[in-house]
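Participant: For reference, the file my_file-v1.txt (compact mmCIF, C-alpha atoms) is included below:
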```txt
# COMPACT_ATOMS: atom_id res chain seq x y z
CA MET A 1011 106.64 74.21 -137.75
CA THR A 1012 107.34 74.50 -141.46
CA MET A 1013 108.05 71.47 -143.66
CA LYS A 1014 111.66 71.12 -144.69
CA PRO A 1015 112.30 71.10 -148.43
CA LYS A 1016 113.02 67.54 -149.56
CA ILE A 1017 115.89 66.17 -151.64
CA ALA A 1018 115.31 62.94 -153.60
CA CYS A 1019 118.22 60.47 -153.32
CA LEU A 1020 118.00 57.58 -155.82
CA LEU A 1021 119.80 54.59 -154.33
CA GLY A 1022 120.58 50.92 -155.03
CA GLU A 1023 122.93 48.24 -153.68
CA ASP A 1024 126.67 48.85 -153.35
CA PHE A 1025 126.66 52.65 -153.42
CA GLU A 1026 129.93 54.43 -152.60
CA ASP A 1027 129.49 54.91 -148.84
CA SER A 1028 131.02 58.38 -148.51
CA GLU A 1029 129.20 59.69 -151.58
CA LEU A 1030 125.88 59.09 -149.85
CA GLU A 1031 126.95 60.04 -146.33
CA LEU A 1032 128.84 63.31 -146.76
CA PRO A 1033 126.44 65.21 -149.06
CA ARG A 1034 123.46 63.89 -147.05
CA ASP A 1035 124.93 65.20 -143.79
CA ARG A 1036 125.69 68.59 -145.39
CA LEU A 1037 122.16 68.82 -146.78
CA ILE A 1038 120.55 67.87 -143.46
CA GLY A 1039 122.79 70.39 -141.69
CA ALA A 1040 121.59 73.07 -144.10
CA GLY A 1041 117.94 72.37 -143.28
CA PHE A 1042 116.92 69.91 -145.98
CA ASP A 1043 115.26 66.52 -145.61
CA VAL A 1044 117.03 63.84 -147.70
CA GLU A 1045 114.65 61.06 -148.71
CA VAL A 1046 116.19 57.79 -149.89
CA ILE A 1047 114.16 56.37 -152.78
CA GLY A 1048 114.78 52.76 -153.78
CA ALA A 1049 113.18 49.83 -155.56
CA ARG A 1050 111.28 48.73 -152.41
CA ALA A 1051 110.35 50.76 -149.32
CA GLY A 1052 111.88 49.38 -146.11
CA ALA A 1053 114.70 47.51 -147.86
CA GLU A 1054 118.20 47.85 -146.37
CA LEU A 1055 120.83 48.94 -148.88
CA ARG A 1056 124.49 48.38 -148.12
CA GLY A 1057 127.39 50.56 -149.25
CA LYS A 1058 130.10 48.77 -151.24
CA ARG A 1059 132.60 49.32 -148.41
CA GLY A 1060 130.19 48.01 -145.78
CA GLU A 1061 130.51 51.25 -143.79
CA VAL A 1062 127.02 52.65 -144.36
CA THR A 1063 123.68 50.86 -144.39
CA GLU A 1064 120.63 52.80 -145.48
CA ARG A 1065 116.92 52.03 -145.25
CA VAL A 1066 114.81 52.91 -148.28
CA GLU A 1067 112.20 55.44 -147.12
CA LYS A 1068 110.09 55.56 -150.24
CA SER A 1069 109.52 53.17 -153.12
CA ILE A 1070 110.26 54.56 -156.56
CA ASP A 1071 106.64 53.67 -157.46
CA SER A 1072 105.19 56.19 -155.02
CA ALA A 1073 107.77 58.96 -155.43
CA ASN A 1074 106.52 62.10 -157.16
CA PRO A 1075 109.26 64.29 -158.72
CA GLU A 1076 107.29 67.47 -157.93
CA ASP A 1077 107.72 66.82 -154.19
CA TYR A 1078 111.50 67.40 -154.30
CA ALA A 1079 113.67 70.50 -154.49
CA ALA A 1080 116.61 68.58 -155.99
CA LEU A 1081 117.69 65.15 -157.20
CA PHE A 1082 120.86 63.60 -155.73
CA ILE A 1083 122.53 60.51 -157.26
CA PRO A 1084 125.45 59.01 -155.27
CA GLY A 1085 127.98 56.82 -157.11
CA GLY A 1086 129.57 53.42 -156.63
CA TYR A 1087 127.88 50.44 -158.26
CA SER A 1088 124.43 51.76 -157.28
CA PRO A 1089 123.73 53.81 -160.46
CA ASP A 1090 124.33 50.86 -162.78
CA HIS A 1091 121.93 48.75 -160.69
CA ILE A 1092 119.08 51.25 -160.63
CA ARG A 1093 119.38 52.27 -164.29
CA ALA A 1094 118.50 48.64 -165.15
CA ASP A 1095 115.06 49.41 -163.66
CA ARG A 1096 113.02 51.61 -166.01
CA ARG A 1097 111.14 53.25 -163.10
CA PHE A 1098 114.31 55.05 -161.99
CA VAL A 1099 115.06 56.22 -165.53
CA ASP A 1100 111.49 57.55 -165.86
CA PHE A 1101 111.81 59.38 -162.52
CA VAL A 1102 114.98 61.09 -163.77
CA LEU A 1103 113.25 62.13 -167.01
CA ARG A 1104 110.23 63.53 -165.14
CA PHE A 1105 112.48 65.33 -162.64
CA GLU A 1106 114.69 66.82 -165.34
CA ALA A 1107 111.58 68.26 -167.02
CA LEU A 1108 111.07 70.41 -163.88
CA LYS A 1109 114.55 71.99 -164.39
CA ARG A 1110 115.33 71.72 -160.68
CA PRO A 1111 118.90 70.90 -159.50
CA VAL A 1112 120.26 67.47 -160.42
CA ALA A 1113 123.48 66.48 -158.59
CA ALA A 1114 125.32 63.31 -159.66
CA ILE A 1115 128.77 62.10 -158.61
CA CYS A 1116 131.16 59.35 -159.77
CA HIS A 1117 129.07 56.67 -161.57
CA GLY A 1118 125.88 58.74 -160.96
CA PRO A 1119 125.90 60.17 -164.50
CA GLN A 1120 125.36 56.62 -165.86
CA LEU A 1121 121.70 57.20 -164.97
CA LEU A 1122 121.74 60.40 -167.06
CA ILE A 1123 123.24 58.45 -170.00
CA THR A 1124 120.50 55.79 -169.87
CA ALA A 1125 117.88 58.57 -169.68
CA GLY A 1126 119.31 59.86 -172.98
CA LEU A 1127 119.99 63.30 -171.51
CA VAL A 1128 123.74 63.84 -171.85
CA ARG A 1129 124.35 64.66 -175.52
CA GLY A 1130 125.53 68.27 -175.74
CA ARG A 1131 125.53 68.74 -171.95
CA ARG A 1132 128.63 69.82 -170.04
CA LEU A 1133 129.50 67.50 -167.15
CA THR A 1134 132.02 65.31 -165.37
CA ALA A 1135 132.00 61.81 -163.82
CA TRP A 1136 134.26 58.95 -162.68
CA THR A 1137 137.19 58.53 -165.10
CA THR A 1138 135.78 55.51 -166.98
CA ILE A 1139 132.35 57.15 -167.28
CA GLN A 1140 133.96 60.36 -168.61
CA ASP A 1141 135.03 58.33 -171.63
CA ASP A 1142 131.55 56.81 -172.08
CA LEU A 1143 130.11 60.34 -171.88
CA ARG A 1144 132.51 61.67 -174.54
CA GLN A 1145 131.62 58.88 -176.93
CA VAL A 1146 127.91 59.58 -176.38
CA GLY A 1147 128.42 63.22 -177.34
CA ALA A 1148 128.67 65.04 -174.00
CA ASN A 1149 131.05 67.94 -173.36
CA VAL A 1150 133.20 66.40 -170.62
CA GLN A 1151 135.44 68.30 -168.24
CA ASP A 1152 137.90 66.64 -165.85
CA ALA A 1153 137.28 68.98 -162.90
CA PRO A 1154 136.23 68.52 -159.23
CA VAL A 1155 132.80 69.96 -159.96
CA VAL A 1156 131.06 71.05 -163.17
CA VAL A 1157 127.89 73.17 -163.07
CA ASP A 1158 125.86 73.33 -166.29
CA GLY A 1159 122.49 74.98 -165.76
CA ASN A 1160 120.62 72.79 -163.25
CA TRP A 1161 123.26 70.01 -163.36
CA ILE A 1162 126.00 69.63 -160.74
CA THR A 1163 128.44 66.76 -161.36
CA SER A 1164 131.64 65.51 -159.73
CA ARG A 1165 134.18 62.71 -160.26
CA GLN A 1166 135.02 60.93 -157.00
CA PRO A 1167 135.02 61.01 -153.17
CA SER A 1168 137.86 63.58 -153.02
CA ASP A 1169 135.53 66.01 -154.86
CA LEU A 1170 132.81 65.71 -152.20
CA PRO A 1171 133.44 69.09 -150.47
CA ALA A 1172 133.20 70.97 -153.82
CA PHE A 1173 130.22 68.85 -154.90
CA SER A 1174 128.20 69.47 -151.72
CA GLU A 1175 129.05 73.19 -151.75
CA ALA A 1176 127.94 73.58 -155.37
CA LEU A 1177 124.66 71.76 -154.69
CA LEU A 1178 123.96 73.95 -151.64
CA SER A 1179 124.79 77.12 -153.64
CA THR A 1180 122.36 76.09 -156.36
CA LEU A 1181 119.64 75.39 -153.79
CA ARG A 1182 120.04 78.77 -152.06
CA MET B 448 154.60 17.14 -174.63
CA THR B 449 153.17 19.96 -176.75
CA MET B 450 152.38 23.39 -175.31
CA LYS B 451 148.69 24.06 -174.85
CA PRO B 452 147.34 27.11 -176.68
CA LYS B 453 146.82 29.94 -174.20
CA ILE B 454 143.73 32.11 -173.61
CA ALA B 455 144.26 35.58 -172.08
CA CYS B 456 141.75 36.41 -169.33
CA LEU B 457 141.78 40.10 -168.30
CA LEU B 458 140.63 40.35 -164.69
CA GLY B 459 140.13 42.87 -161.89
CA GLU B 460 138.41 42.98 -158.49
CA ASP B 461 134.75 41.99 -158.08
CA PHE B 462 134.35 39.95 -161.25
CA GLU B 463 131.12 37.94 -161.66
CA ASP B 464 132.24 34.63 -160.15
CA SER B 465 130.44 32.27 -162.54
CA GLU B 466 131.47 34.27 -165.60
CA LEU B 467 135.09 33.51 -164.85
CA GLU B 468 134.65 29.97 -163.58
CA LEU B 469 132.37 28.31 -166.14
CA PRO B 470 134.08 29.42 -169.38
CA ARG B 471 137.52 28.80 -167.82
CA ASP B 472 136.58 25.22 -166.89
CA ARG B 473 135.15 24.58 -170.39
CA LEU B 474 138.31 25.97 -172.01
CA ILE B 475 140.62 23.92 -169.79
CA GLY B 476 138.52 20.83 -170.48
CA ALA B 477 138.92 21.48 -174.22
CA GLY B 478 142.72 21.56 -173.90
CA PHE B 479 143.44 25.27 -173.50
CA ASP B 480 145.50 27.00 -170.83
CA VAL B 481 143.65 30.03 -169.38
CA GLU B 482 146.08 32.65 -168.08
CA VAL B 483 144.69 35.28 -165.70
CA ILE B 484 146.24 38.67 -166.44
CA GLY B 485 145.84 41.45 -163.87
CA ALA B 486 147.36 44.69 -162.71
CA ARG B 487 149.94 42.90 -160.50
CA ALA B 488 151.23 39.29 -160.74
CA GLY B 489 150.52 37.26 -157.61
CA ALA B 490 147.63 39.45 -156.44
CA GLU B 491 144.49 37.66 -155.24
CA LEU B 492 141.30 38.85 -156.94
CA ARG B 493 137.93 38.14 -155.36
CA GLY B 494 134.65 37.55 -157.19
CA LYS B 495 131.81 39.92 -156.24
CA ARG B 496 129.87 37.01 -154.70
CA GLY B 497 132.88 35.82 -152.70
CA GLU B 498 132.60 32.35 -154.27
CA VAL B 499 135.74 32.40 -156.41
CA THR B 500 139.19 33.78 -155.60
CA GLU B 501 141.74 33.91 -158.38
CA ARG B 502 145.48 34.55 -158.36
CA VAL B 503 146.86 36.80 -161.10
CA GLU B 504 149.36 34.70 -163.07
CA LYS B 505 150.80 37.44 -165.22
CA SER B 506 151.05 41.20 -164.90
CA ILE B 507 149.50 43.21 -167.72
CA ASP B 508 152.97 44.81 -168.16
CA SER B 509 154.58 41.54 -169.24
CA ALA B 510 151.67 40.07 -171.23
CA ASN B 511 152.23 39.91 -175.00
CA PRO B 512 149.02 39.72 -177.11
CA GLU B 513 150.75 37.50 -179.69
CA ASP B 514 151.14 34.71 -177.11
CA TYR B 515 147.38 34.09 -176.88
CA ALA B 516 144.88 32.30 -179.13
CA ALA B 517 141.94 34.29 -177.76
CA LEU B 518 141.00 37.08 -175.35
CA PHE B 519 138.36 36.39 -172.68
CA ILE B 520 136.78 39.19 -170.59
CA PRO B 521 134.47 38.08 -167.73
CA GLY B 522 131.88 40.53 -166.39
CA GLY B 523 130.79 41.86 -163.02
CA TYR B 524 132.44 45.03 -161.74
CA SER B 525 135.87 43.87 -163.00
CA PRO B 526 135.71 45.42 -166.51
CA ASP B 527 134.97 48.92 -165.17
CA HIS B 528 137.94 48.61 -162.79
CA ILE B 529 140.47 47.49 -165.39
CA ARG B 530 139.34 49.91 -168.11
CA ALA B 531 140.42 52.73 -165.75
CA ASP B 532 144.00 51.43 -166.28
CA ARG B 533 145.27 52.36 -169.74
CA ARG B 534 147.52 49.26 -169.91
CA PHE B 535 144.45 47.01 -170.20
CA VAL B 536 142.90 49.20 -172.89
CA ASP B 537 146.18 49.10 -174.86
CA PHE B 538 146.32 45.31 -174.54
CA VAL B 539 142.80 45.06 -176.00
CA LEU B 540 143.74 47.32 -178.91
CA ARG B 541 146.90 45.33 -179.68
CA PHE B 542 145.02 42.04 -179.39
CA GLU B 543 142.17 43.21 -181.62
CA ALA B 544 144.72 44.13 -184.31
CA LEU B 545 145.59 40.39 -184.52
CA LYS B 546 141.94 39.57 -185.43
CA ARG B 547 141.93 36.57 -183.08
CA PRO B 548 138.76 35.67 -181.07
CA VAL B 549 137.62 38.21 -178.45
CA ALA B 550 134.95 36.90 -176.04
CA ALA B 551 133.28 39.33 -173.63
CA ILE B 552 130.26 38.79 -171.39
CA CYS B 553 127.99 41.01 -169.26
CA HIS B 554 129.98 44.20 -168.42
CA GLY B 555 132.98 42.88 -170.43
CA PRO B 556 132.11 45.03 -173.48
CA GLN B 557 132.76 48.17 -171.35
CA LEU B 558 136.42 47.51 -172.09
CA LEU B 559 135.64 47.46 -175.83
CA ILE B 560 133.82 50.81 -175.48
CA THR B 561 136.79 52.45 -173.75
CA ALA B 562 139.08 51.02 -176.45
CA GLY B 563 136.91 52.90 -178.99
CA LEU B 564 136.16 49.71 -180.93
CA VAL B 565 132.38 49.30 -180.83
CA ARG B 566 130.98 51.80 -183.33
CA GLY B 567 129.42 49.84 -186.20
CA ARG B 568 130.12 46.45 -184.58
CA ARG B 569 127.33 43.96 -183.85
CA LEU B 570 127.31 42.77 -180.24
CA THR B 571 125.42 42.25 -176.98
CA ALA B 572 126.12 42.90 -173.27
CA TRP B 573 124.46 43.31 -169.86
CA THR B 574 121.17 45.22 -170.23
CA THR B 575 122.51 48.59 -169.00
CA ILE B 576 125.61 48.30 -171.20
CA GLN B 577 123.43 47.46 -174.21
CA ASP B 578 122.01 50.96 -173.94
CA ASP B 579 125.49 52.55 -173.61
CA LEU B 580 126.56 50.59 -176.70
CA ARG B 581 123.55 51.78 -178.73
CA GLN B 582 124.25 55.41 -177.86
CA VAL B 583 127.90 54.97 -178.87
CA GLY B 584 126.83 53.67 -182.30
CA ALA B 585 127.04 49.88 -181.99
CA ASN B 586 124.53 47.50 -183.57
CA VAL B 587 123.13 45.87 -180.43
CA GLN B 588 121.20 42.60 -180.32
CA ASP B 589 119.45 41.29 -177.20
CA ALA B 590 120.39 37.62 -177.70
CA PRO B 591 122.18 34.96 -175.57
CA VAL B 592 125.22 35.13 -177.82
CA VAL B 593 126.18 37.36 -180.75
CA VAL B 594 129.06 36.43 -183.07
CA ASP B 595 130.40 39.22 -185.29
CA GLY B 596 133.61 38.20 -187.06
CA ASN B 597 136.15 37.56 -184.27
CA TRP B 598 133.86 38.91 -181.51
CA ILE B 599 131.74 36.66 -179.28
CA THR B 600 129.54 38.51 -176.77
CA SER B 601 126.87 37.51 -174.25
CA ARG B 602 124.61 39.24 -171.72
CA GLN B 603 124.62 37.44 -168.37
CA PRO B 604 125.34 34.23 -166.40
CA SER B 605 122.33 32.40 -167.90
CA ASP B 606 123.97 32.82 -171.33
CA LEU B 607 127.19 31.06 -170.21
CA PRO B 608 126.57 27.71 -171.96
CA ALA B 609 125.93 29.44 -175.33
CA PHE B 610 128.86 31.84 -174.74
CA SER B 611 131.38 29.06 -173.96
CA GLU B 612 130.13 26.95 -176.88
CA ALA B 613 130.47 29.84 -179.34
CA LEU B 614 134.00 30.63 -178.11
CA LEU B 615 135.05 26.98 -178.45
CA SER B 616 133.50 26.78 -181.96
CA THR B 617 135.46 29.85 -183.03
CA LEU B 618 138.70 28.41 -181.60
CA ARG B 619 138.31 25.05 -183.42
```
Take the structure in the file and write it out as C-alpha cells.

Facilitator:
Amino acid sequence: MTMKPKIACLLGEDFEDSELELPRDRLIGAGFDVEVIGARAGAELRGKRGEVTERVEKSIDSANPEDYAALFIPGGYSPDHIRADRRFVDFVLRFEALKRPVAAICHGPQLLITAGLVRGRRLTAWTTIQDDLRQVGANVQDAPVVVDGNWITSRQPSDLPAFSEALLSTLR
Amino acid sequence: MTMKPKIACLLGEDFEDSELELPRDRLIGAGFDVEVIGARAGAELRGKRGEVTERVEKSIDSANPEDYAALFIPGGYSPDHIRADRRFVDFVLRFEALKRPVAAICHGPQLLITAGLVRGRRLTAWTTIQDDLRQVGANVQDAPVVVDGNWITSRQPSDLPAFSEALLSTLR
C-alpha cells in the first residue's frame, strides 16, 4: 500500500462549514489525505453554522510544511482566529517557500495578508477582503476562481465547485 | 424636557457582546441616547456570545449623520458584516466629514479601512486588524486607547473602561 499524498488544512473556530466539507470530500475522493492542523491536537472545532464539527489531527507545532502536497485554507471566521497565532503565519511562510499549491477561499486570504505575501499577487477573496487586498497592493479580480502561479483563490461557497476543480487540476 | 444628544451605533450580526453593552451603558448613564442603526429597522441582532440581543431602532437608509453627536462602532464579527453593505460605508464617510467623534473598538476599524480613511491616521484595533492597518499605511499603536483628533480606538474588551472614558471626555 502506498501512502496517500497529504493536504494541510489550517483550521480554527467558526470556519465556514461548507468551505471545509466540500473541498475536503473532493480531495479525499481524488485520493488525497486531508490533515486538519489546528492550535491543539485533539481539539474539536465547530463550523460557524454548527453543521460540521472537526477534530484537529495535528498541532501546528508538530506540522512540517514539507510533508504536504498543498495547503488548503477554508474561510469563515477561522482565518482571522488563526492569523492571530504567529505559528500559523510562520507555517504559511515556510509552505509558500516550497512553491507548492496554496488554495484559500473567502476569508482565507486574510492569512496571506498577515504573512505579508499579497502585494503584487493576483487573487480573489470574500467581498470585504477584496477591498483590504486592493489597499494592501494586491491585484484583485472578482471571479469565481483566480489561479496565479501556485495560488488558487475563491470568493464564497457558491464558488466551491470551481475552487475544488482548480485545486485538483493544479495537483495533477 | 430637553432632547438628549444621540450617539449612532452601527451594528450587524455577531457583535462582541460586551463591546456594545458596556460603552452603551456608560453613554446612557452620562445622559446620551444610543441609537442602534442596522440594515433593517426592527431586526433582532445577536451578540456572538449569545449574551446580548439588540433590536435595530433605525434602518441605515433613514439615518442622517447630522443627527448624531458621535459614531460608535462595536467589534466582534459585526464590522465585517456591515462593511459588505455600501450604505454603512457611505454613512461612515458622511459622518467623518462632520469631524465629530468616531469611536471604534476591536474589529470596528475594519469599517474605517473599507471607507478608505485610515492611511496616515494614528489608531489601534484588534491584533489581527492592527497588522491590516499597518499594511494599508496607518500609524498603528498597540495601546488600550488611541486618540487621534476625532478618532478614539481600542483593541479589545479589556480596554473598554479606557475606551468609554476617552469617548466621554471627547464628548464633554

Participant: Using all atoms listed in the file, find which residues of chain B lie within 8 Å of chain A and jot them down as a ChimeraX atom specification.

Facilitator: /B:524,527,530-531,560-561,574-575,578-579,582-583

Participant: Please provide chain B as a short mmCIF file (atom, residue, chain, number, x, y, z; two decimals) with C-alpha atoms, keeping the file's coordinate frame, once it has been superposed on chain A by least squares across all sequentially paired Cα atoms.

Facilitator:
```cif
data_model
loop_
_atom_site.label_atom_id
_atom_site.label_comp_id
_atom_site.auth_asym_id
_atom_site.auth_seq_id
_atom_site.Cartn_x
_atom_site.Cartn_y
_atom_site.Cartn_z
CA MET B 448 106.67 74.15 -137.69
CA THR B 449 107.36 74.49 -141.42
CA MET B 450 108.05 71.49 -143.64
CA LYS B 451 111.67 71.13 -144.67
CA PRO B 452 112.30 71.10 -148.42
CA LYS B 453 113.00 67.54 -149.55
CA ILE B 454 115.90 66.18 -151.64
CA ALA B 455 115.32 62.94 -153.59
CA CYS B 456 118.22 60.48 -153.32
CA LEU B 457 118.01 57.58 -155.82
CA LEU B 458 119.81 54.58 -154.34
CA GLY B 459 120.58 50.93 -155.04
CA GLU B 460 122.91 48.24 -153.67
CA ASP B 461 126.66 48.84 -153.35
CA PHE B 462 126.65 52.63 -153.42
CA GLU B 463 129.93 54.43 -152.60
CA ASP B 464 129.48 54.89 -148.85
CA SER B 465 131.01 58.36 -148.51
CA GLU B 466 129.20 59.68 -151.58
CA LEU B 467 125.90 59.09 -149.85
CA GLU B 468 126.94 60.05 -146.34
CA LEU B 469 128.84 63.32 -146.77
CA PRO B 470 126.42 65.20 -149.06
CA ARG B 471 123.44 63.89 -147.06
CA ASP B 472 124.91 65.20 -143.79
CA ARG B 473 125.69 68.60 -145.39
CA LEU B 474 122.14 68.83 -146.78
CA ILE B 475 120.54 67.89 -143.46
CA GLY B 476 122.78 70.39 -141.68
CA ALA B 477 121.59 73.08 -144.12
CA GLY B 478 117.94 72.37 -143.27
CA PHE B 479 116.92 69.91 -145.98
CA ASP B 480 115.26 66.52 -145.60
CA VAL B 481 117.03 63.85 -147.70
CA GLU B 482 114.64 61.06 -148.70
CA VAL B 483 116.18 57.79 -149.89
CA ILE B 484 114.17 56.36 -152.78
CA GLY B 485 114.77 52.74 -153.80
CA ALA B 486 113.18 49.83 -155.57
CA ARG B 487 111.28 48.72 -152.42
CA ALA B 488 110.36 50.78 -149.31
CA GLY B 489 111.88 49.39 -146.12
CA ALA B 490 114.69 47.52 -147.87
CA GLU B 491 118.18 47.85 -146.37
CA LEU B 492 120.83 48.94 -148.87
CA ARG B 493 124.50 48.39 -148.11
CA GLY B 494 127.40 50.57 -149.23
CA LYS B 495 130.11 48.78 -151.24
CA ARG B 496 132.61 49.33 -148.40
CA GLY B 497 130.19 48.01 -145.77
CA GLU B 498 130.52 51.26 -143.79
CA VAL B 499 127.03 52.66 -144.35
CA THR B 500 123.68 50.86 -144.39
CA GLU B 501 120.64 52.82 -145.47
CA ARG B 502 116.93 52.05 -145.26
CA VAL B 503 114.81 52.92 -148.29
CA GLU B 504 112.21 55.44 -147.11
CA LYS B 505 110.09 55.55 -150.23
CA SER B 506 109.52 53.18 -153.12
CA ILE B 507 110.27 54.56 -156.57
CA ASP B 508 106.63 53.67 -157.45
CA SER B 509 105.19 56.20 -155.00
CA ALA B 510 107.79 58.96 -155.41
CA ASN B 511 106.52 62.11 -157.16
CA PRO B 512 109.26 64.30 -158.74
CA GLU B 513 107.30 67.47 -157.93
CA ASP B 514 107.72 66.84 -154.19
CA TYR B 515 111.49 67.40 -154.29
CA ALA B 516 113.68 70.51 -154.49
CA ALA B 517 116.60 68.59 -155.98
CA LEU B 518 117.70 65.16 -157.20
CA PHE B 519 120.87 63.62 -155.73
CA ILE B 520 122.53 60.51 -157.25
CA PRO B 521 125.46 59.01 -155.27
CA GLY B 522 127.99 56.82 -157.09
CA GLY B 523 129.57 53.42 -156.62
CA TYR B 524 127.88 50.43 -158.24
CA SER B 525 124.41 51.75 -157.28
CA PRO B 526 123.72 53.80 -160.45
CA ASP B 527 124.33 50.84 -162.78
CA HIS B 528 121.94 48.73 -160.68
CA ILE B 529 119.08 51.23 -160.64
CA ARG B 530 119.39 52.26 -164.30
CA ALA B 531 118.51 48.63 -165.17
CA ASP B 532 115.05 49.41 -163.68
CA ARG B 533 113.03 51.61 -166.03
CA ARG B 534 111.13 53.23 -163.11
CA PHE B 535 114.31 55.04 -162.01
CA VAL B 536 115.06 56.22 -165.54
CA ASP B 537 111.49 57.55 -165.86
CA PHE B 538 111.81 59.37 -162.53
CA VAL B 539 114.98 61.09 -163.78
CA LEU B 540 113.26 62.14 -167.00
CA ARG B 541 110.23 63.54 -165.15
CA PHE B 542 112.47 65.32 -162.65
CA GLU B 543 114.69 66.82 -165.35
CA ALA B 544 111.58 68.26 -167.03
CA LEU B 545 111.08 70.41 -163.88
CA LYS B 546 114.55 72.01 -164.40
CA ARG B 547 115.33 71.73 -160.68
CA PRO B 548 118.91 70.90 -159.49
CA VAL B 549 120.27 67.45 -160.43
CA ALA B 550 123.48 66.47 -158.59
CA ALA B 551 125.33 63.32 -159.65
CA ILE B 552 128.77 62.09 -158.61
CA CYS B 553 131.17 59.34 -159.76
CA HIS B 554 129.06 56.67 -161.57
CA GLY B 555 125.88 58.74 -160.95
CA PRO B 556 125.90 60.16 -164.51
CA GLN B 557 125.36 56.60 -165.85
CA LEU B 558 121.71 57.18 -164.99
CA LEU B 559 121.74 60.38 -167.07
CA ILE B 560 123.24 58.43 -170.01
CA THR B 561 120.51 55.78 -169.87
CA ALA B 562 117.90 58.56 -169.67
CA GLY B 563 119.32 59.85 -172.99
CA LEU B 564 120.00 63.30 -171.53
CA VAL B 565 123.75 63.84 -171.87
CA ARG B 566 124.36 64.67 -175.53
CA GLY B 567 125.53 68.29 -175.73
CA ARG B 568 125.52 68.76 -171.94
CA ARG B 569 128.64 69.83 -170.04
CA LEU B 570 129.49 67.51 -167.15
CA THR B 571 132.03 65.30 -165.37
CA ALA B 572 132.01 61.81 -163.81
CA TRP B 573 134.25 58.94 -162.67
CA THR B 574 137.18 58.54 -165.09
CA THR B 575 135.77 55.51 -166.96
CA ILE B 576 132.34 57.16 -167.28
CA GLN B 577 133.97 60.35 -168.60
CA ASP B 578 135.04 58.34 -171.63
CA ASP B 579 131.54 56.81 -172.09
CA LEU B 580 130.10 60.34 -171.89
CA ARG B 581 132.51 61.68 -174.53
CA GLN B 582 131.62 58.87 -176.94
CA VAL B 583 127.91 59.56 -176.39
CA GLY B 584 128.41 63.23 -177.34
CA ALA B 585 128.67 65.05 -174.01
CA ASN B 586 131.05 67.94 -173.36
CA VAL B 587 133.21 66.40 -170.63
CA GLN B 588 135.45 68.32 -168.25
CA ASP B 589 137.91 66.65 -165.86
CA ALA B 590 137.28 69.00 -162.91
CA PRO B 591 136.23 68.52 -159.23
CA VAL B 592 132.81 69.96 -159.97
CA VAL B 593 131.06 71.04 -163.17
CA VAL B 594 127.90 73.17 -163.07
CA ASP B 595 125.86 73.32 -166.29
CA GLY B 596 122.49 75.00 -165.75
CA ASN B 597 120.63 72.78 -163.25
CA TRP B 598 123.26 70.00 -163.36
CA ILE B 599 126.00 69.62 -160.73
CA THR B 600 128.45 66.76 -161.36
CA SER B 601 131.65 65.52 -159.73
CA ARG B 602 134.17 62.71 -160.26
CA GLN B 603 135.00 60.94 -157.00
CA PRO B 604 135.02 61.01 -153.17
CA SER B 605 137.85 63.58 -153.04
CA ASP B 606 135.54 66.01 -154.88
CA LEU B 607 132.80 65.72 -152.20
CA PRO B 608 133.42 69.08 -150.48
CA ALA B 609 133.20 70.98 -153.81
CA PHE B 610 130.21 68.85 -154.91
CA SER B 611 128.19 69.47 -151.71
CA GLU B 612 129.06 73.19 -151.76
CA ALA B 613 127.94 73.58 -155.38
CA LEU B 614 124.66 71.75 -154.69
CA LEU B 615 123.95 73.94 -151.65
CA SER B 616 124.80 77.12 -153.64
CA THR B 617 122.36 76.09 -156.36
CA LEU B 618 119.63 75.37 -153.78
CA ARG B 619 120.00 78.77 -152.05
#
```

Participant: Excluding B:Ile507 and residues on its chain fewer than 3 positions from it, collect all residues at most 6 Å away from it, counting all atoms listed in the file, and give them as a ChimeraX atom specification.

Facilitator: /B:484-486,510

Participant: Would you mind reading off the distance between atom CA of B:Gly555 and atom CA of B:Ser611, one decimal, in Å?

Facilitator: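 Computed distance, atom CA of B:Gly555 to atom CA of B:Ser611, equals 14.4 Å.
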
Participant: Let me make sure I understand: among B:Leu469, B:Ala516, B:Val503, B:Cys553, which one has the smallest atom-to-atom distance to B:Ala572 if we use all atoms listed in the file?

Facilitator: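 That would be B:Cys553, the residue with the smallest distance to B:Ala572.
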
Participant: Grab the atom CA of B:Ile520 to atom CA of A:Leu1122 distance for me, in Å with one decimal place.

Facilitator: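 Separating atom CA of B:Ile520 from atom CA of A:Leu1122 is a distance of 26.2 Å.
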
Participant: Considering only C-alpha atoms, can you say which of A:Val1046, A:Leu1030, A:Ala1080, A:Pro1075 comes closest to A:Lys1058?

Facilitator: A:Leu1030

Participant: For atom CA of A:Arg1097 and atom CA of A:Ala1040, quote the distance in Å rounded to one decimal.

Facilitator: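 The value is 29.4 Å.
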
Participant: For stretch 573-582 of chain B, take all atoms listed in the file, fit an axis-aligned box around them, add 5 Å to each of the six sides, then output centre and edge lengths in Å rounded to one decimal, as AutoDock Vina command-line options.

Facilitator:
```
--center_x 123.9 --center_y 49.4 --center_z -173.9 --size_x 15.4 --size_y 22.1 --size_z 19.7
```

Participant: N, CA and C atoms are needed for stretch 594-599 of chain B; please write them out as a PDB file, keeping the file's coordinate frame.

Facilitator:
```pdb
ATOM      1  N   VAL B 594     127.734  36.614-182.469  1.00  0.00           N
ATOM      2  CA  VAL B 594     129.060  36.430-183.070  1.00  0.00           C
ATOM      3  C   VAL B 594     129.172  37.384-184.253  1.00  0.00           C
ATOM      4  N   ASP B 595     130.172  38.263-184.205  1.00  0.00           N
ATOM      5  CA  ASP B 595     130.400  39.220-185.290  1.00  0.00           C
ATOM      6  C   ASP B 595     131.892  39.140-185.641  1.00  0.00           C
ATOM      7  N   GLY B 596     132.199  38.407-186.710  1.00  0.00           N
ATOM      8  CA  GLY B 596     133.610  38.200-187.060  1.00  0.00           C
ATOM      9  C   GLY B 596     134.329  37.515-185.910  1.00  0.00           C
ATOM     10  N   ASN B 597     135.362  38.158-185.372  1.00  0.00           N
ATOM     11  CA  ASN B 597     136.150  37.560-184.270  1.00  0.00           C
ATOM     12  C   ASN B 597     135.564  37.845-182.892  1.00  0.00           C
ATOM     13  N   TRP B 598     134.442  38.568-182.819  1.00  0.00           N
ATOM     14  CA  TRP B 598     133.860  38.910-181.510  1.00  0.00           C
ATOM     15  C   TRP B 598     132.737  37.968-181.117  1.00  0.00           C
ATOM     16  N   ILE B 599     132.794  37.491-179.869  1.00  0.00           N
ATOM     17  CA  ILE B 599     131.740  36.660-179.280  1.00  0.00           C
ATOM     18  C   ILE B 599     131.290  37.379-178.016  1.00  0.00           C
TER      19      ILE B 599
END
```
